[in-house]
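K.L.:
work.pdb is reproduced below (PDB, C-alpha atoms).
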ATOM      1  CA  MET A   1     133.563  25.354-293.739
ATOM      2  CA  HIS A   2     137.227  24.696-293.033
ATOM      3  CA  THR A   3     138.775  23.073-289.977
ATOM      4  CA  ILE A   4     141.882  24.847-288.737
ATOM      5  CA  ARG A   5     144.498  23.033-286.683
ATOM      6  CA  ARG A   6     148.224  22.962-285.990
ATOM      7  CA  PRO A   7     150.632  20.979-288.198
ATOM      8  CA  THR A   8     152.418  17.720-287.449
ATOM      9  CA  ALA A   9     155.345  16.050-289.182
ATOM     10  CA  GLY A  10     152.876  13.868-291.053
ATOM     11  CA  ASP A  11     151.380  16.933-292.763
ATOM     12  CA  VAL A  12     154.526  17.729-294.772
ATOM     13  CA  PRO A  13     153.356  15.957-297.983
ATOM     14  CA  ALA A  14     149.989  17.750-297.886
ATOM     15  CA  ILE A  15     151.667  21.129-297.349
ATOM     16  CA  PHE A  16     154.067  20.390-300.201
ATOM     17  CA  GLU A  17     151.163  19.542-302.526
ATOM     18  CA  LEU A  18     149.299  22.718-301.593
ATOM     19  CA  VAL A  19     152.285  25.054-301.983
ATOM     20  CA  SER A  20     153.305  23.382-305.247
ATOM     21  CA  THR A  21     149.781  23.800-306.634
ATOM     22  CA  HIS A  22     149.738  27.459-305.617
ATOM     23  CA  ASN A  23     153.164  28.125-307.156
ATOM     24  CA  ILE A  24     152.310  26.389-310.428
ATOM     25  CA  GLU A  25     149.231  28.581-310.684
ATOM     26  CA  ILE A  26     151.334  31.741-310.250
ATOM     27  CA  ILE A  27     154.713  31.050-311.910
ATOM     28  CA  GLY A  28     154.180  27.778-313.775
ATOM     29  CA  GLU A  29     156.437  25.566-311.643
ATOM     30  CA  PRO A  30     156.471  24.137-308.079
ATOM     31  CA  ASP A  31     159.573  26.084-306.911
ATOM     32  CA  ILE A  32     159.517  24.031-303.698
ATOM     33  CA  THR A  33     160.597  20.601-302.464
ATOM     34  CA  LEU A  34     159.555  18.337-299.608
ATOM     35  CA  ALA A  35     162.856  19.154-297.929
ATOM     36  CA  ASP A  36     162.046  22.880-298.155
ATOM     37  CA  ILE A  37     158.792  22.329-296.271
ATOM     38  CA  ARG A  38     160.539  20.249-293.596
ATOM     39  CA  ASP A  39     163.177  22.969-293.234
ATOM     40  CA  GLU A  40     160.513  25.654-292.972
ATOM     41  CA  LEU A  41     158.724  23.847-290.147
ATOM     42  CA  ALA A  42     162.053  23.249-288.369
ATOM     43  CA  GLU A  43     163.017  26.943-288.475
ATOM     44  CA  PRO A  44     164.481  27.913-285.075
ATOM     45  CA  GLY A  45     162.061  30.135-283.195
ATOM     46  CA  LEU A  46     158.998  28.857-285.082
ATOM     47  CA  ASP A  47     156.561  27.359-282.555
ATOM     48  CA  LEU A  48     154.321  24.895-284.398
ATOM     49  CA  ASP A  49     151.734  25.114-281.604
ATOM     50  CA  LYS A  50     151.465  28.903-281.778
ATOM     51  CA  ASP A  51     152.825  30.186-285.093
ATOM     52  CA  VAL A  52     151.508  27.823-287.797
ATOM     53  CA  TRP A  53     148.009  26.951-289.042
ATOM     54  CA  LEU A  54     146.569  24.449-291.517
ATOM     55  CA  ALA A  55     143.067  24.825-292.972
ATOM     56  CA  TRP A  56     141.419  21.578-294.065
ATOM     57  CA  GLY A  57     138.342  21.465-296.299
ATOM     58  CA  PRO A  58     135.312  19.261-295.642
ATOM     59  CA  ASP A  59     136.649  16.804-298.234
ATOM     60  CA  GLY A  60     139.836  16.327-296.197
ATOM     61  CA  ARG A  61     141.974  18.344-298.600
ATOM     62  CA  LEU A  62     144.456  20.886-297.279
ATOM     63  CA  ASP A  63     143.378  24.276-298.634
ATOM     64  CA  GLY A  64     145.373  26.730-296.498
ATOM     65  CA  TYR A  65     148.771  27.051-294.862
ATOM     66  CA  ALA A  66     149.860  30.061-292.816
ATOM     67  CA  TRP A  67     152.617  31.040-290.398
ATOM     68  CA  ALA A  68     154.035  33.991-288.468
ATOM     69  CA  HIS A  69     157.739  33.893-287.596
ATOM     70  CA  HIS A  70     159.134  36.399-285.116
ATOM     71  CA  ASN A  71     162.780  37.216-285.828
ATOM     72  CA  GLY A  72     164.431  36.744-282.442
ATOM     73  CA  ASP A  73     163.768  39.629-280.057
ATOM     74  CA  SER A  74     163.531  42.198-282.862
ATOM     75  CA  ASP A  75     160.381  44.050-283.942
ATOM     76  CA  LEU A  76     160.283  42.178-287.283
ATOM     77  CA  VAL A  77     157.782  39.383-287.960
ATOM     78  CA  ASP A  78     157.651  37.479-291.242
ATOM     79  CA  VAL A  79     154.260  36.092-292.256
ATOM     80  CA  GLN A  80     152.995  33.901-295.059
ATOM     81  CA  VAL A  81     149.552  32.761-296.192
ATOM     82  CA  ILE A  82     149.115  30.209-298.985
ATOM     83  CA  VAL A  83     145.672  29.097-300.140
ATOM     84  CA  ARG A  84     144.551  26.737-302.860
ATOM     85  CA  PRO A  85     143.426  28.393-306.098
ATOM     86  CA  GLY A  86     139.666  28.844-305.995
ATOM     87  CA  VAL A  87     139.356  29.233-302.215
ATOM     88  CA  GLN A  88     140.741  32.763-301.841
ATOM     89  CA  ASP A  89     137.982  33.650-299.354
ATOM     90  CA  LEU A  90     139.945  31.585-296.843
ATOM     91  CA  GLU A  91     142.773  34.133-296.941
ATOM     92  CA  ASP A  92     140.961  36.696-294.773
ATOM     93  CA  GLU A  93     140.671  34.318-291.832
ATOM     94  CA  LEU A  94     144.278  33.134-292.136
ATOM     95  CA  TYR A  95     145.631  36.691-292.397
ATOM     96  CA  ARG A  96     143.669  37.593-289.280
ATOM     97  CA  LEU A  97     145.372  34.719-287.450
ATOM     98  CA  VAL A  98     148.923  35.581-288.554
ATOM     99  CA  LEU A  99     148.521  39.304-287.887
ATOM    100  CA  ASP A 100     147.064  38.675-284.446
ATOM    101  CA  ARG A 101     149.968  36.352-283.720
ATOM    102  CA  ALA A 102     152.481  38.918-285.021
ATOM    103  CA  ALA A 103     151.136  41.552-282.650
ATOM    104  CA  GLU A 104     150.987  39.072-279.763
ATOM    105  CA  SER A 105     154.561  37.860-280.225
ATOM    106  CA  GLY A 106     155.778  41.452-280.563
ATOM    107  CA  ALA A 107     154.097  42.414-277.312
ATOM    108  CA  ALA A 108     155.600  39.371-275.591
ATOM    109  CA  ALA A 109     159.035  40.576-276.713
ATOM    110  CA  GLY A 110     158.368  44.029-275.244
ATOM    111  CA  HIS A 111     157.492  45.893-278.467
ATOM    112  CA  GLU A 112     154.536  48.269-278.641
ATOM    113  CA  SER A 113     154.424  47.658-282.394
ATOM    114  CA  VAL A 114     156.048  45.393-284.965
ATOM    115  CA  THR A 115     156.949  45.523-288.632
ATOM    116  CA  VAL A 116     155.336  42.688-290.563
ATOM    117  CA  HIS A 117     156.883  41.428-293.805
ATOM    118  CA  ALA A 118     154.912  39.318-296.288
ATOM    119  CA  GLY A 119     156.560  37.730-299.311
ATOM    120  CA  LEU A 120     154.962  37.015-302.676
ATOM    121  CA  TYR A 121     155.926  36.378-306.265
ATOM    122  CA  GLY A 122     155.969  39.525-308.376
ATOM    123  CA  ALA A 123     153.480  37.858-310.726
ATOM    124  CA  ASP A 124     150.914  37.337-307.938
ATOM    125  CA  GLN A 125     148.895  40.491-308.469
ATOM    126  CA  ALA A 126     145.863  39.094-306.632
ATOM    127  CA  LYS A 127     147.914  38.730-303.437
ATOM    128  CA  ALA A 128     149.371  42.218-303.919
ATOM    129  CA  VAL A 129     145.852  43.640-304.054
ATOM    130  CA  ARG A 130     144.838  41.750-300.932
ATOM    131  CA  LEU A 131     147.927  42.874-299.025
ATOM    132  CA  GLY A 132     147.204  46.461-300.011
ATOM    133  CA  ARG A 133     143.695  46.104-298.651
ATOM    134  CA  LEU A 134     145.166  44.769-295.401
ATOM    135  CA  GLY A 135     147.274  47.907-294.991
ATOM    136  CA  PHE A 136     150.548  46.610-296.425
ATOM    137  CA  GLU A 137     152.702  48.573-298.847
ATOM    138  CA  PRO A 138     155.616  47.533-301.086
ATOM    139  CA  GLY A 139     158.893  47.207-299.188
ATOM    140  CA  THR A 140     161.387  45.894-301.712
ATOM    141  CA  SER A 141     161.811  43.296-304.429
ATOM    142  CA  PHE A 142     164.357  40.555-304.861
ATOM    143  CA  HIS A 143     165.579  39.301-308.219
ATOM    144  CA  ARG A 144     166.463  35.646-308.530
ATOM    145  CA  MET A 145     169.581  35.624-310.693
ATOM    146  CA  ARG A 146     170.979  32.672-312.639
ATOM    147  CA  ILE A 147     174.065  31.775-314.617
ATOM    148  CA  ASP A 148     174.294  28.519-316.584
ATOM    149  CA  HIS A 149     177.314  26.230-316.566
ATOM    150  CA  ASP A 150     177.797  24.245-319.795
ATOM    151  CA  GLY A 151     180.887  22.501-318.479
ATOM    152  CA  PRO A 152     183.870  23.136-316.241
ATOM    153  CA  VAL A 153     184.471  26.729-315.141
ATOM    154  CA  ASP A 154     188.050  27.846-314.578
ATOM    155  CA  PRO A 155     188.580  28.963-310.970
ATOM    156  CA  PRO A 156     189.571  32.622-310.717
ATOM    157  CA  GLU A 157     193.109  33.531-309.780
ATOM    158  CA  VAL A 158     193.366  34.293-306.063
ATOM    159  CA  PRO A 159     194.253  37.975-305.599
ATOM    160  CA  GLY A 160     197.533  38.853-303.942
ATOM    161  CA  GLY A 161     197.361  38.942-300.155
ATOM    162  CA  VAL A 162     194.137  36.900-300.107
ATOM    163  CA  THR A 163     193.840  33.516-298.418
ATOM    164  CA  LEU A 164     190.761  31.251-298.507
ATOM    165  CA  HIS A 165     189.345  29.255-295.607
ATOM    166  CA  THR A 166     186.412  26.806-295.614
ATOM    167  CA  GLY A 167     183.654  26.623-293.024
ATOM    168  CA  VAL A 168     184.515  23.191-291.682
ATOM    169  CA  SER A 169     186.012  24.727-288.536
ATOM    170  CA  ASP A 170     184.174  26.594-285.817
ATOM    171  CA  GLU A 171     186.747  29.379-285.880
ATOM    172  CA  VAL A 172     186.186  30.096-289.581
ATOM    173  CA  ARG A 173     182.404  29.964-289.166
ATOM    174  CA  ARG A 174     182.573  32.490-286.329
ATOM    175  CA  GLU A 175     184.696  34.838-288.425
ATOM    176  CA  ALA A 176     182.294  34.405-291.344
ATOM    177  CA  HIS A 177     179.384  35.237-289.050
ATOM    178  CA  ARG A 178     181.045  38.489-287.975
ATOM    179  CA  VAL A 179     181.668  39.484-291.604
ATOM    180  CA  HIS A 180     178.060  38.738-292.512
ATOM    181  CA  GLN A 181     176.622  40.678-289.578
ATOM    182  CA  VAL A 182     178.670  43.804-290.274
ATOM    183  CA  ALA A 183     178.359  43.720-294.074
ATOM    184  CA  PHE A 184     174.570  43.267-294.015
ATOM    185  CA  ALA A 185     173.801  45.702-291.189
ATOM    186  CA  GLU A 186     172.044  48.230-293.451
ATOM    187  CA  HIS A 187     170.229  45.767-295.713
ATOM    188  CA  PHE A 188     166.425  45.591-295.904
ATOM    189  CA  GLY A 189     164.927  43.397-293.199
ATOM    190  CA  PHE A 190     168.271  42.438-291.688
ATOM    191  CA  VAL A 191     168.205  41.413-288.032
ATOM    192  CA  ALA A 192     171.492  40.906-286.218
ATOM    193  CA  VAL A 193     171.739  37.598-284.361
ATOM    194  CA  PRO A 194     174.411  36.038-282.146
ATOM    195  CA  TYR A 195     176.572  33.305-283.603
ATOM    196  CA  GLU A 196     174.681  30.493-281.865
ATOM    197  CA  GLU A 197     171.379  31.437-283.526
ATOM    198  CA  TRP A 198     173.060  32.045-286.885
ATOM    199  CA  TYR A 199     174.703  28.623-286.729
ATOM    200  CA  GLU A 200     171.600  26.791-285.525
ATOM    201  CA  ARG A 201     169.459  28.141-288.343
ATOM    202  CA  ARG A 202     171.894  26.870-290.954
ATOM    203  CA  GLN A 203     172.588  23.628-289.155
ATOM    204  CA  VAL A 204     168.932  22.528-289.261
ATOM    205  CA  MET A 205     168.610  23.243-292.998
ATOM    206  CA  SER A 206     168.903  20.066-295.049
ATOM    207  CA  GLY A 207     170.841  21.862-297.792
ATOM    208  CA  THR A 208     173.622  23.144-295.551
ATOM    209  CA  ASP A 209     177.137  22.065-296.511
ATOM    210  CA  TRP A 210     179.806  23.904-294.552
ATOM    211  CA  THR A 211     182.436  23.111-297.188
ATOM    212  CA  GLN A 212     180.569  25.624-299.373
ATOM    213  CA  LEU A 213     181.394  28.455-296.979
ATOM    214  CA  THR A 214     184.533  30.280-298.123
ATOM    215  CA  LEU A 215     185.997  33.036-295.988
ATOM    216  CA  ALA A 216     188.460  35.393-297.681
ATOM    217  CA  LYS A 217     191.123  37.029-295.560
ATOM    218  CA  VAL A 218     193.186  39.955-296.780
ATOM    219  CA  ASP A 219     196.633  40.078-295.197
ATOM    220  CA  GLY A 220     195.310  37.789-292.475
ATOM    221  CA  ASP A 221     192.153  39.783-291.641
ATOM    222  CA  PRO A 222     188.620  38.529-292.431
ATOM    223  CA  ALA A 223     187.289  40.597-295.344
ATOM    224  CA  GLY A 224     184.575  38.727-297.255
ATOM    225  CA  VAL A 225     182.560  35.527-297.332
ATOM    226  CA  VAL A 226     180.500  33.498-299.773
ATOM    227  CA  ILE A 227     178.126  30.841-298.446
ATOM    228  CA  GLY A 228     176.578  28.331-300.806
ATOM    229  CA  ASN A 229     174.158  25.510-300.133
ATOM    230  CA  ASP A 230     172.188  22.738-301.848
ATOM    231  CA  GLU A 231     168.749  24.379-301.598
ATOM    232  CA  PHE A 232     168.193  24.345-305.360
ATOM    233  CA  VAL A 233     169.986  21.124-306.276
ATOM    234  CA  ALA A 234     166.911  18.872-306.176
ATOM    235  CA  GLY A 235     164.569  21.224-308.013
ATOM    236  CA  GLU A 236     166.897  23.080-310.403
ATOM    237  CA  GLN A 237     170.135  21.055-310.360
ATOM    238  CA  CYS A 238     171.802  24.357-309.502
ATOM    239  CA  GLY A 239     174.036  25.619-306.747
ATOM    240  CA  TYR A 240     172.825  28.504-304.626
ATOM    241  CA  VAL A 241     174.742  31.464-303.221
ATOM    242  CA  ALA A 242     172.826  32.180-300.030
ATOM    243  CA  THR A 243     175.227  34.898-298.832
ATOM    244  CA  LEU A 244     177.850  37.084-300.473
ATOM    245  CA  ALA A 245     179.270  39.685-298.095
ATOM    246  CA  VAL A 246     182.285  41.980-298.155
ATOM    247  CA  LEU A 247     183.191  44.310-295.306
ATOM    248  CA  PRO A 248     182.908  48.017-296.210
ATOM    249  CA  ALA A 249     186.674  48.593-295.855
ATOM    250  CA  TYR A 250     187.386  45.987-298.552
ATOM    251  CA  ARG A 251     184.746  46.922-301.114
ATOM    252  CA  GLY A 252     185.727  48.225-304.526
ATOM    253  CA  ARG A 253     188.710  45.863-304.809
ATOM    254  CA  GLY A 254     187.019  43.092-306.789
ATOM    255  CA  LEU A 255     186.775  40.747-303.799
ATOM    256  CA  GLY A 256     183.020  40.177-304.215
ATOM    257  CA  ARG A 257     183.483  39.375-307.911
ATOM    258  CA  PHE A 258     186.281  36.947-307.059
ATOM    259  CA  LEU A 259     184.201  35.121-304.434
ATOM    260  CA  LEU A 260     181.262  34.892-306.823
ATOM    261  CA  ARG A 261     183.377  33.394-309.596
ATOM    262  CA  HIS A 262     184.915  31.059-307.011
ATOM    263  CA  ALA A 263     181.405  29.794-306.224
ATOM    264  CA  PHE A 264     180.609  29.356-309.940
ATOM    265  CA  ALA A 265     183.701  27.213-310.445
ATOM    266  CA  ALA A 266     182.860  25.089-307.395
ATOM    267  CA  ASP A 267     179.288  24.501-308.595
ATOM    268  CA  ALA A 268     180.426  23.613-312.100
ATOM    269  CA  ALA A 269     182.988  21.166-310.682
ATOM    270  CA  LYS A 270     180.096  19.408-308.938
ATOM    271  CA  GLY A 271     178.309  19.023-312.271
ATOM    272  CA  ARG A 272     175.585  21.537-311.487
ATOM    273  CA  LYS A 273     173.782  23.154-314.389
ATOM    274  CA  GLY A 274     174.071  26.653-312.981
ATOM    275  CA  THR A 275     174.222  28.905-309.942
ATOM    276  CA  LEU A 276     171.357  30.912-308.444
ATOM    277  CA  LEU A 277     171.165  33.736-305.926
ATOM    278  CA  HIS A 278     168.757  36.451-304.784
ATOM    279  CA  VAL A 279     169.581  40.134-304.790
ATOM    280  CA  ASP A 280     167.633  43.009-303.257
ATOM    281  CA  SER A 281     166.809  45.568-305.951
ATOM    282  CA  ASN A 282     167.316  48.278-303.296
ATOM    283  CA  ASN A 283     170.618  46.863-302.064
ATOM    284  CA  THR A 284     172.869  49.389-300.327
ATOM    285  CA  THR A 285     175.701  48.222-302.603
ATOM    286  CA  PRO A 286     175.526  47.977-306.440
ATOM    287  CA  ALA A 287     175.104  44.194-306.220
ATOM    288  CA  LEU A 288     172.713  43.826-309.166
ATOM    289  CA  ASP A 289     175.259  45.449-311.476
ATOM    290  CA  LEU A 290     177.929  43.071-310.200
ATOM    291  CA  TYR A 291     175.840  39.973-310.860
ATOM    292  CA  GLU A 292     174.862  41.064-314.338
ATOM    293  CA  SER A 293     178.480  41.929-315.160
ATOM    294  CA  VAL A 294     179.561  38.323-314.513
ATOM    295  CA  GLY A 295     176.860  36.904-316.776
ATOM    296  CA  MET A 296     173.955  36.336-314.410
ATOM    297  CA  ARG A 297     170.429  37.141-315.565
ATOM    298  CA  PRO A 298     167.167  37.724-313.679
ATOM    299  CA  VAL A 299     164.717  34.810-313.918
ATOM    300  CA  LEU A 300     162.145  35.597-311.202
ATOM    301  CA  VAL A 301     160.974  38.465-309.002
ATOM    302  CA  VAL A 302     159.961  38.036-305.356
ATOM    303  CA  GLU A 303     158.430  41.014-303.560
ATOM    304  CA  VAL A 304     158.295  41.834-299.863
ATOM    305  CA  TRP A 305     155.426  43.989-298.628
ATOM    306  CA  LYS A 306     155.464  45.584-295.186
ATOM    307  CA  ARG A 307     153.059  46.910-292.570
ATOM    308  CA  ARG A 308     153.634  48.522-289.200
ATOM    309  CA  LEU A 309     151.351  46.802-286.719
ATOM    310  CA  SER A 310     150.430  47.667-283.147
ATOM    311  CA  GLY A 311     148.474  45.642-280.660
ATOM    312  CA  THR A 312     145.396  47.764-281.374
ATOM    313  CA  SER A 313     145.626  47.844-285.176
ATOM    314  CA  ARG A 314     145.741  44.242-286.257
ATOM    315  CA  LYS A 315     142.673  44.199-288.486
ATOM    316  CA  ALA A 316     142.424  45.421-292.059
ATOM    317  CA  PRO A 317     141.714  49.145-292.435
ATOM    318  CA  SER A 318     138.092  49.997-293.140
TER     319      SER A 318
END
Can the structure in the file be given as structure tokens, please?

P.N.:
Amino acid sequence: MHTIRRPTAGDVPAIFELVSTHNIEIIGEPDITLADIRDELAEPGLDLDKDVWLAWGPDGRLDGYAWAHHNGDSDLVDVQVIVRPGVQDLEDELYRLVLDRAAESGAAAGHESVTVHAGLYGADQAKAVRLGRLGFEPGTSFHRMRIDHDGPVDPPEVPGGVTLHTGVSDEVRREAHRVHQVAFAEHFGFVAVPYEEWYERRQVMSGTDWTQLTLAKVDGDPAGVVIGNDEFVAGEQCGYVATLAVLPAYRGRGLGRFLLRHAFAADAAKGRKGTLLHVDSNNTTPALDLYESVGMRPVLVVEVWKRRLSGTSRKAPS
């Protein structure tokens, strides 16, 4: 019998141990840090008293961790359920909680139904089977790409007419936000958000470094942006490209390739062993081809499964 309660700040080490144990079982490495867990619990819009659950075993060990995060006022809710290897029976109860919460939060936002996204490692076939039984179906897959840096990397030559601006000023950040929102409008799972929410989400993340935001202007007009952060420095000693976006009118000119190589050079100058990023295999632009053409290689697959959920269809299909 497990005891289910809400998390507190003091539970971060236990959550980290649980998620690390789960990840090692699936992919052979923790792929998480204490800072990642703190950032996850500090996610804007995540209500720890309504959206997150911890399941403790009779021996006092944390065996389950689950959350449902509603993306603003949209009809998209992200959910996650992590259980300790050997106690998979606990998953059913935790999925019931997150799906009920997803439907409830959707109704509170005025939606008759919501789309629920659940992420998992591509190697986690047991979770894929369970999600299928719960009425989910594959949505898309993301490839984690990596390039190694064996020493300094020469910065690319700045194209003619292009000027670069860092994210240390509010004006540049606002322009970068507009580029990101327009460039990603048709991407899987994208939800447009106002600048204040976009900024807040990044500001609370421990890995955020606004000097790693580079906005490219062409003839004075915002055209593309690359945003790096320190998310993978502690675990992988690598830089991370969280966002690479080019406005449709400026695509096909090599601007994305330039910004990517600019990020590589910056990471190498910091002594990082490599650079990582995630790319949607169903991207509306040929991004995977771009990343492979500059020497990046896939090292991990993360899948997103989806289910349309109404207030009267929360439970698993019979």

K.L.:
Carefully work through the PyMOL selection byres ((chain A and resi 165) around 12) for this structure and note down the residues it includes, as a PyMOL selection string.

P.N.:
chain A and resi 162-164+166-176+210-218+220-227+259

K.L.:
Pick from A:Ala183, A:Tyr199, A:Arg5, A:Asn71: nearest to Ala249 (chain A), with all atoms listed in the file counted?

P.N.:
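Using all atoms listed in the file, the shortest distance to Ala249 (chain A) belongs to A:Ala183.
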
K.L.:
Expressed in Å to a single decimal, how great is the separation between CA of Val52 (chain A) and CA of Leu99 (chain A)?

P.N.:
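Answer for the CA of Val52 (chain A) to CA of Leu99 (chain A) separation: 11.9 Å.
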
K.L.:
Decode the PyMOL selection byres ((chain A and resi 136-146) around 7) for the given file into explicit residues and return them as a list of chain:residue names.

P.N.:
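What the PyMOL selection byres ((chain A and resi 136-146) around 7) grabs from the file is A:Leu131, A:Gly132, A:Leu134, A:Gly135, A:Ile147, A:Asp148, A:Gly274, A:Thr275, A:Leu276, A:Leu277, A:His278, A:Val279, A:Asp280, A:Ser281, A:Asn282, A:Met296, A:Arg297, A:Pro298, A:Val299, A:Leu300, A:Val301, A:Val302, A:Glu303, A:Val304, A:Trp305, A:Lys306, A:Arg307.
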
K.L.:
Once 6 Å is added on each side, what centre and edge lengths in Å to one decimal does the axis-aligned box around all listed atoms of region 265-279 of chain A have, as JSON?

P.N.:
{"center_x": 176.2, "center_y": 29.6, "center_z": -309.6, "size_x": 26.9, "size_y": 33.1, "size_z": 21.6}

K.L.:
Near Thr8 (chain A), within 10 Å and counting only C-alpha atoms, which residues show up once chain neighbours fewer than 5 positions away are dropped, as a CSV table (one decimal) with C-alpha atoms, in the frame of the given file?

P.N.:
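File written: part.csv
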chain,number,residue,atom,x,y,z
A,41,LEU,CA,158.7,23.8,-290.1
A,48,LEU,CA,154.3,24.9,-284.4
A,49,ASP,CA,151.7,25.1,-281.6
A,54,LEU,CA,146.6,24.4,-291.5

K.L.:
Which residues would end up in the selection if the PyMOL selection byres ((chain A and resi 18-20) around 9) were applied here, given that I need the answer as a list in words?

P.N.:
Pro13, Ala14, Ile15, Phe16, Glu17, Thr21, His22, Asn23, Ile24, Glu25, Glu29, Pro30, Asp31, Ile32, Thr33, Leu62, Asp63, Gly64, Tyr65, Ile82, Val83 and Arg84 of chain A

K.L.:
How far is it from CA of Val193 (chain A) to CA of Leu309 (chain A), in Å with one decimal?

P.N.:
22.5 Å

K.L.:
At a cut-off of 8 Å, using all atoms listed in the file, what residues contact Asp124 (chain A)? Leave out same-chain residues fewer than 4 positions from it and give the result as a list in words.

P.N.:
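Non-adjacent residues within range: Ile26, Leu120 and Ala128 of chain A.
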
K.L.:
Of the residues A:Val98, A:Ala234, A:Val153, A:Ala185, which is the one nearest to Ala263 (chain A), using only C-alpha atoms?

P.N.:
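Closest residue, counting only C-alpha atoms: A:Val153.
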
K.L.:
Hey, can you check how far CA of Asp230 (chain A) sits from CA of Leu260 (chain A)?

P.N.:
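Separating CA of Asp230 (chain A) from CA of Leu260 (chain A) is a distance of 16.0 Å.
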
K.L.:
Determine the nearest neighbour of Glu200 (chain A) from the options A:Met1, A:Val116, A:Ala42, A:Cys238, counting all atoms listed in the file.

P.N.:
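When distances to Glu200 (chain A) are compared using all atoms listed in the file, the smallest one comes from A:Ala42.
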
K.L.:
Which one of A:Asp267, A:Glu231, A:Asp73, A:Asp150 sits closest to Ala35 (chain A) if you count only C-alpha atoms?

P.N.:
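Selected residue with least distance to Ala35 (chain A): A:Glu231.
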
K.L.:
Any idea what's packed within 7 Å of Trp53 (chain A), counting only C-alpha atoms, ignoring anything in its chain fewer than 4 positions away? Could you give it as number ranges by chain?

P.N.:
A: 4-7, 65-67
